[in-house]
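Engineer: Next comes the structure file work25.cif, holding mmCIF, C-alpha atoms.
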data_coords
#
loop_
_atom_site.group_PDB
_atom_site.id
_atom_site.type_symbol
_atom_site.label_atom_id
_atom_site.label_comp_id
_atom_site.auth_asym_id
_atom_site.auth_seq_id
_atom_site.Cartn_x
_atom_site.Cartn_y
_atom_site.Cartn_z
ATOM 1 C CA MET A 285 -10.496 -95.899 177.339
ATOM 2 C CA LEU A 286 -8.823 -93.809 180.016
ATOM 3 C CA MET A 287 -5.427 -94.491 178.454
ATOM 4 C CA ILE A 288 -6.596 -93.205 175.039
ATOM 5 C CA PHE A 289 -7.978 -90.061 176.658
ATOM 6 C CA MET A 290 -4.702 -89.464 178.479
ATOM 7 C CA LEU A 291 -2.678 -89.924 175.297
ATOM 8 C CA LEU A 292 -4.880 -87.472 173.390
ATOM 9 C CA SER A 293 -4.765 -84.985 176.286
ATOM 10 C CA PHE A 294 -0.998 -84.826 176.106
ATOM 11 C CA LYS A 295 -0.910 -84.130 172.396
ATOM 12 C CA ASN A 296 2.224 -82.251 171.474
ATOM 13 C CA GLN A 297 1.610 -78.549 171.727
ATOM 14 C CA PRO A 298 3.699 -76.349 169.431
ATOM 15 C CA LYS A 299 6.824 -75.198 171.224
ATOM 16 C CA LYS A 300 6.964 -71.459 171.846
ATOM 17 C CA ILE A 301 10.253 -69.655 171.396
ATOM 18 C CA THR A 302 10.917 -66.550 173.472
ATOM 19 C CA TYR A 303 12.437 -63.536 171.729
ATOM 20 C CA LYS A 304 13.816 -60.308 173.057
ATOM 21 C CA CYS A 305 12.480 -57.666 170.731
ATOM 22 C CA MET A 306 14.321 -54.338 170.790
ATOM 23 C CA ILE A 307 12.459 -51.386 169.306
ATOM 24 C CA GLN A 308 14.445 -48.215 168.580
ATOM 25 C CA MET A 309 12.256 -45.198 167.825
ATOM 26 C CA ILE A 310 13.117 -42.295 165.526
ATOM 27 C CA ASN A 311 13.539 -38.864 167.093
ATOM 28 C CA TYR A 312 10.163 -37.137 167.012
ATOM 29 C CA THR A 313 8.271 -34.772 169.296
ATOM 30 C CA GLY A 314 4.845 -35.392 170.725
ATOM 31 C CA GLU A 315 3.071 -38.110 172.640
ATOM 32 C CA GLY A 316 4.379 -41.632 173.104
ATOM 33 C CA ALA A 317 3.693 -44.171 170.364
ATOM 34 C CA TYR A 318 1.239 -47.006 170.646
ATOM 35 C CA ILE A 319 2.681 -50.114 169.016
ATOM 36 C CA ALA A 320 0.865 -53.364 168.256
ATOM 37 C CA ILE A 321 3.011 -56.395 167.464
ATOM 38 C CA SER A 322 0.961 -59.013 165.618
ATOM 39 C CA LEU A 323 1.369 -62.422 164.064
ATOM 40 C CA ILE A 324 0.055 -62.384 160.482
ATOM 41 C CA ASN A 325 -0.844 -65.709 158.837
ATOM 42 C CA PRO A 326 0.198 -66.681 155.285
ATOM 43 C CA GLU A 327 -3.158 -65.407 153.947
ATOM 44 C CA GLY A 328 -2.356 -61.919 155.303
ATOM 45 C CA ASP A 329 -4.866 -62.008 158.177
ATOM 46 C CA TYR A 330 -4.242 -61.249 161.837
ATOM 47 C CA GLU A 331 -3.807 -64.408 163.871
ATOM 48 C CA GLU A 332 -2.559 -63.263 167.269
ATOM 49 C CA THR A 333 -1.577 -60.156 169.212
ATOM 50 C CA LEU A 334 1.950 -60.761 170.511
ATOM 51 C CA TYR A 335 2.501 -57.499 172.408
ATOM 52 C CA VAL A 336 1.108 -53.972 172.729
ATOM 53 C CA GLN A 337 3.096 -50.911 173.781
ATOM 54 C CA GLY A 338 0.530 -48.603 175.338
ATOM 55 C CA ASP A 339 -1.570 -49.695 178.275
ATOM 56 C CA ASP A 340 -4.423 -47.156 178.039
ATOM 57 C CA ASP A 341 -7.022 -49.080 176.049
ATOM 58 C CA GLU A 342 -9.093 -45.984 175.258
ATOM 59 C CA TRP A 343 -6.540 -45.183 172.514
ATOM 60 C CA TYR A 344 -6.246 -48.639 170.949
ATOM 61 C CA PHE A 345 -8.626 -47.690 168.145
ATOM 62 C CA ASP A 346 -5.863 -45.378 166.812
ATOM 63 C CA ILE A 347 -3.981 -48.527 165.752
ATOM 64 C CA THR A 348 -6.623 -48.842 163.071
ATOM 65 C CA GLU A 349 -6.079 -52.179 161.324
ATOM 66 C CA TRP A 350 -5.057 -54.047 164.471
ATOM 67 C CA TRP A 351 -8.115 -52.688 166.282
ATOM 68 C CA LYS A 352 -10.406 -54.115 163.585
ATOM 69 C CA PHE A 353 -9.051 -57.524 164.632
ATOM 70 C CA GLN A 354 -8.590 -57.009 168.381
ATOM 71 C CA GLY A 355 -11.761 -54.984 168.871
ATOM 72 C CA LYS A 356 -13.859 -57.842 167.493
ATOM 73 C CA LYS A 357 -12.082 -60.612 169.398
ATOM 74 C CA ARG A 358 -11.693 -58.685 172.664
ATOM 75 C CA THR A 359 -9.123 -61.137 173.930
ATOM 76 C CA ASN A 360 -7.456 -60.250 177.203
ATOM 77 C CA ILE A 361 -4.119 -58.587 176.436
ATOM 78 C CA ASP A 362 -3.314 -57.315 179.948
ATOM 79 C CA ALA A 363 -0.388 -59.716 180.315
ATOM 80 C CA ILE A 364 1.224 -58.511 177.075
ATOM 81 C CA THR A 365 1.100 -54.732 177.414
ATOM 82 C CA GLY A 366 3.492 -52.017 178.493
ATOM 83 C CA ALA A 367 3.723 -48.233 178.554
ATOM 84 C CA THR A 368 4.023 -46.154 175.393
ATOM 85 C CA ILE A 369 7.470 -45.345 174.043
ATOM 86 C CA SER A 370 8.483 -41.834 172.993
ATOM 87 C CA GLY A 371 10.661 -40.379 170.276
ATOM 88 C CA GLY A 372 14.313 -41.430 170.410
ATOM 89 C CA GLU A 373 13.691 -44.052 173.075
ATOM 90 C CA ARG A 374 14.610 -47.719 172.985
ATOM 91 C CA LEU A 375 12.649 -50.513 174.565
ATOM 92 C CA ILE A 376 13.043 -54.256 174.919
ATOM 93 C CA SER A 377 9.913 -56.418 175.010
ATOM 94 C CA ILE A 378 9.627 -60.158 175.400
ATOM 95 C CA ILE A 379 7.428 -61.952 172.878
ATOM 96 C CA GLU A 380 6.675 -65.618 172.274
ATOM 97 C CA ILE A 381 6.164 -67.184 168.859
ATOM 98 C CA GLU A 382 5.296 -70.811 168.208
ATOM 99 C CA ASN A 383 8.198 -72.558 166.516
ATOM 100 C CA ASP A 384 5.915 -73.979 163.810
ATOM 101 C CA LYS A 385 5.253 -70.421 162.540
ATOM 102 C CA ILE A 386 8.892 -69.971 161.468
ATOM 103 C CA ASP A 387 9.717 -70.619 157.786
ATOM 104 C CA THR A 388 6.037 -71.285 156.926
ATOM 105 C CA GLY A 389 4.892 -67.959 155.444
ATOM 106 C CA TYR A 390 3.881 -66.195 158.672
ATOM 107 C CA LYS A 391 4.853 -62.561 159.223
ATOM 108 C CA ILE A 392 5.296 -60.291 162.184
ATOM 109 C CA ARG A 393 3.870 -56.768 161.938
ATOM 110 C CA PHE A 394 4.632 -53.690 164.042
ATOM 111 C CA GLU A 395 1.914 -51.029 163.720
ATOM 112 C CA THR A 396 2.445 -47.582 165.227
ATOM 113 C CA ALA A 397 0.206 -44.649 166.033
ATOM 114 C CA VAL A 398 0.942 -41.352 167.775
ATOM 115 C CA GLU A 399 -1.829 -39.047 168.970
ATOM 116 C CA ASP A 400 -2.398 -36.088 166.604
ATOM 117 C CA GLN A 401 0.248 -37.455 164.230
ATOM 118 C CA ASP A 402 0.403 -40.442 161.908
ATOM 119 C CA TYR A 403 -0.503 -44.117 161.838
ATOM 120 C CA TYR A 404 1.667 -46.723 160.088
ATOM 121 C CA LYS A 405 0.040 -50.076 159.419
ATOM 122 C CA ASN A 406 3.341 -51.660 158.325
ATOM 123 C CA ASP A 407 5.907 -49.593 160.201
ATOM 124 C CA VAL A 408 7.942 -52.802 160.337
ATOM 125 C CA GLU A 409 6.794 -56.062 158.761
ATOM 126 C CA PHE A 410 8.811 -59.098 157.780
ATOM 127 C CA GLU A 411 8.380 -62.791 157.116
ATOM 128 C CA LEU A 412 9.273 -65.022 160.042
ATOM 129 C CA THR A 413 12.244 -67.044 158.870
ATOM 130 C CA SER A 414 15.128 -68.692 160.674
ATOM 131 C CA THR A 415 17.275 -65.761 159.529
ATOM 132 C CA SER A 416 14.879 -62.823 160.032
ATOM 133 C CA VAL A 417 14.233 -63.623 163.702
ATOM 134 C CA LYS A 418 17.924 -62.940 164.376
ATOM 135 C CA THR A 419 18.353 -59.697 162.436
ATOM 136 C CA LYS A 420 17.629 -55.987 162.439
ATOM 137 C CA THR A 421 14.784 -54.620 160.287
ATOM 138 C CA GLU A 422 14.341 -50.926 159.447
ATOM 139 C CA GLY A 423 11.036 -49.140 160.036
ATOM 140 C CA ILE A 424 9.217 -46.721 157.736
ATOM 141 C CA GLY A 425 7.394 -44.604 160.331
ATOM 142 C CA PHE A 426 8.022 -43.944 164.014
ATOM 143 C CA ILE A 427 10.239 -47.020 164.407
ATOM 144 C CA ARG A 428 13.868 -46.601 163.353
ATOM 145 C CA TYR A 429 14.476 -50.364 163.570
ATOM 146 C CA VAL A 430 13.512 -53.583 165.315
ATOM 147 C CA ARG A 431 16.038 -56.228 166.330
ATOM 148 C CA MET A 432 14.906 -59.734 167.273
ATOM 149 C CA MET A 433 17.055 -61.923 169.543
ATOM 150 C CA PRO A 434 16.022 -65.544 170.217
ATOM 151 C CA GLN A 435 16.451 -66.630 173.833
ATOM 152 C CA GLN A 436 17.579 -70.131 174.731
#
Mind turning this structure into structure tokens?
Structural biologist:
Amino acid sequence: MLMIFMLLSFKNQPKKITYKCMIQMINYTGEGAYIAISLINPEGDYEETLYVQGDDDEWYFDITEWWKFQGKKRTNIDAITGATISGGERLISIIEIENDKIDTGYKIRFETAVEDQDYYKNDVEFELTSTSVKTKTEGIGFIRYVRMMPQQ
């Protein structure tokens, strides 16, 4: 009985791949941008918060759609947050994505919000494929582009 329990306890967990994620912002004036990086499942629903740029949680509600998910779950995101990023700046974040999410219909979404300016639900969004996780993707709002770089 103990042997069966031990075998089930060591069930293969999905392997997480670490990615460097470079975010290049457009030139704009004003406050720093809050950015939520989320894993979106094939049905189009939020599954996991991968990273948040902006560590002052009193402004998270400005990232409207993400907050509908995160505000309900209230999972601890302290370990995956960093300071806001301003116009023209570049930042590299480290995110982890389970390998079994690649090439299976999952997407990654970058939402941006800037105080007294705009909010972009899909500033950058793309399907997670073996190719897309190694390329540059243009933004439509405050993000000029995002470049993903798998780490070995």
Engineer: Please enumerate the residues selected by the PyMOL selection byres ((chain A and resi 433) around 7) when evaluated against the supplied file, formatted as a list in words.
Structural biologist: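 Residues picked by the PyMOL selection byres ((chain A and resi 433) around 7): Tyr303, Lys304, Cys305, Val417, Lys418, Arg431, Met432, Pro434 and Gln435 of chain A.
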Engineer: Using all atoms listed in the file, pick whichever of A:Thr368, A:Ser377, A:Asn311, A:Asn383 has the shortest atom-to-atom distance to Trp343 (chain A).
Structural biologist: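 So, comparing all the options, the nearest one is A:Thr368.
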Engineer: Determine the nearest neighbour of Glu382 (chain A) from the options A:Asp341, A:Tyr318, A:Tyr312, A:Glu332, counting only C-alpha atoms.
Structural biologist: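 For Glu382 (chain A), the nearest of the candidates is A:Glu332.
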Engineer: One decimal, in Å: what's the spacing between CA of Tyr403 (chain A) and CA of Gly389 (chain A)?
Structural biologist: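 Taking CA of Tyr403 (chain A) and CA of Gly389 (chain A), their separation equals 25.3 Å.
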Engineer: Calculated over all atoms listed in the file, which of the candidates A:Ile378, A:Leu334, A:Ala320, A:Ile424 has the smallest distance to Trp350 (chain A)?
Structural biologist: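 Looking only at the distances to Trp350 (chain A), the closest residue turns out to be A:Ala320.
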Engineer: Kindly list the centre and edge lengths in Å, rounded to one decimal, for the axis-aligned box that covers all listed atoms of region 423-433 of chain A plus 4 Å on each of its six sides, as AutoDock Vina command-line options.
Structural biologist:
--center_x 12.2 --center_y -52.9 --center_z 163.6 --size_x 17.7 --size_y 26.0 --size_z 19.8
Engineer: Evaluated on this file, the PyMOL selection byres ((chain A and resi 327) around 12) picks out some residues - which ones are they, written as a ChimeraX atom specification?
Structural biologist: /A:323-326,328-331,388-391
Engineer: List the neighbours of region 336-339 of chain A out to 10 Å using all atoms listed in the file; skip same-chain residues closer than 3 positions along the sequence, and give me the result as a short mmCIF file (atom, residue, chain, number, x, y, z; two decimals) with C-alpha atoms, in the coordinates of the input.
Structural biologist:
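Writing the result to selection_34.cif gives the following:
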data_model
loop_
_atom_site.label_atom_id
_atom_site.label_comp_id
_atom_site.auth_asym_id
_atom_site.auth_seq_id
_atom_site.Cartn_x
_atom_site.Cartn_y
_atom_site.Cartn_z
CA GLY A 316 4.38 -41.63 173.10
CA ALA A 317 3.69 -44.17 170.36
CA TYR A 318 1.24 -47.01 170.65
CA ILE A 319 2.68 -50.11 169.02
CA ALA A 320 0.86 -53.36 168.26
CA ILE A 321 3.01 -56.40 167.46
CA SER A 322 0.96 -59.01 165.62
CA THR A 333 -1.58 -60.16 169.21
CA GLU A 342 -9.09 -45.98 175.26
CA TRP A 343 -6.54 -45.18 172.51
CA TYR A 344 -6.25 -48.64 170.95
CA ILE A 361 -4.12 -58.59 176.44
CA ASP A 362 -3.31 -57.32 179.95
CA ALA A 363 -0.39 -59.72 180.32
CA ILE A 364 1.22 -58.51 177.08
CA THR A 365 1.10 -54.73 177.41
CA GLY A 366 3.49 -52.02 178.49
CA ALA A 367 3.72 -48.23 178.55
CA THR A 368 4.02 -46.15 175.39
CA ILE A 369 7.47 -45.34 174.04
CA LEU A 375 12.65 -50.51 174.56
CA SER A 377 9.91 -56.42 175.01
CA PHE A 394 4.63 -53.69 164.04
CA GLU A 395 1.91 -51.03 163.72
CA THR A 396 2.44 -47.58 165.23
#
Engineer: For the structure shown, which residues end up in the PyMOL selection byres ((chain A and resi 422) around 12)? Put them as a short mmCIF file (atom, residue, chain, number, x, y, z; two decimals) with C-alpha atoms, in the coordinates of the input, please?
Structural biologist:
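The resulting file, expr_13.cif, is shown below:
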data_model
loop_
_atom_site.label_atom_id
_atom_site.label_comp_id
_atom_site.auth_asym_id
_atom_site.auth_seq_id
_atom_site.Cartn_x
_atom_site.Cartn_y
_atom_site.Cartn_z
CA MET A 306 14.32 -54.34 170.79
CA ILE A 307 12.46 -51.39 169.31
CA GLN A 308 14.44 -48.22 168.58
CA MET A 309 12.26 -45.20 167.82
CA ILE A 310 13.12 -42.30 165.53
CA PHE A 394 4.63 -53.69 164.04
CA ASN A 406 3.34 -51.66 158.32
CA ASP A 407 5.91 -49.59 160.20
CA VAL A 408 7.94 -52.80 160.34
CA GLU A 409 6.79 -56.06 158.76
CA PHE A 410 8.81 -59.10 157.78
CA SER A 416 14.88 -62.82 160.03
CA THR A 419 18.35 -59.70 162.44
CA LYS A 420 17.63 -55.99 162.44
CA THR A 421 14.78 -54.62 160.29
CA GLY A 423 11.04 -49.14 160.04
CA ILE A 424 9.22 -46.72 157.74
CA GLY A 425 7.39 -44.60 160.33
CA PHE A 426 8.02 -43.94 164.01
CA ILE A 427 10.24 -47.02 164.41
CA ARG A 428 13.87 -46.60 163.35
CA TYR A 429 14.48 -50.36 163.57
CA VAL A 430 13.51 -53.58 165.32
CA ARG A 431 16.04 -56.23 166.33
CA MET A 432 14.91 -59.73 167.27
#
Engineer: Restricting the calculation to all atoms listed in the file: of A:Ile392, A:Thr415, A:Lys385, A:Thr359, which residue gets closest to Ile301 (chain A)?
Structural biologist: A:Lys385
Engineer: Could you check which of A:Leu412, A:Asp340, A:Glu315, A:Phe345 is closest to Ile381 (chain A), using all atoms listed in the file?
Structural biologist: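 Of A:Leu412, A:Asp340, A:Glu315, A:Phe345, the one nearest Ile381 (chain A) is A:Leu412, counting all atoms listed in the file.
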Engineer: In Å, with one decimal, what is the gap from CA of Pro298 (chain A) to CA of Phe353 (chain A)?
Structural biologist: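 That distance, rounded to one decimal, is 23.2 Å.
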Engineer: State, in Å with one decimal place, the distance from CA of Tyr335 (chain A) to CA of Ile379 (chain A).
Structural biologist: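 Atom-to-atom, CA of Tyr335 (chain A) to CA of Ile379 (chain A), that is 6.7 Å.
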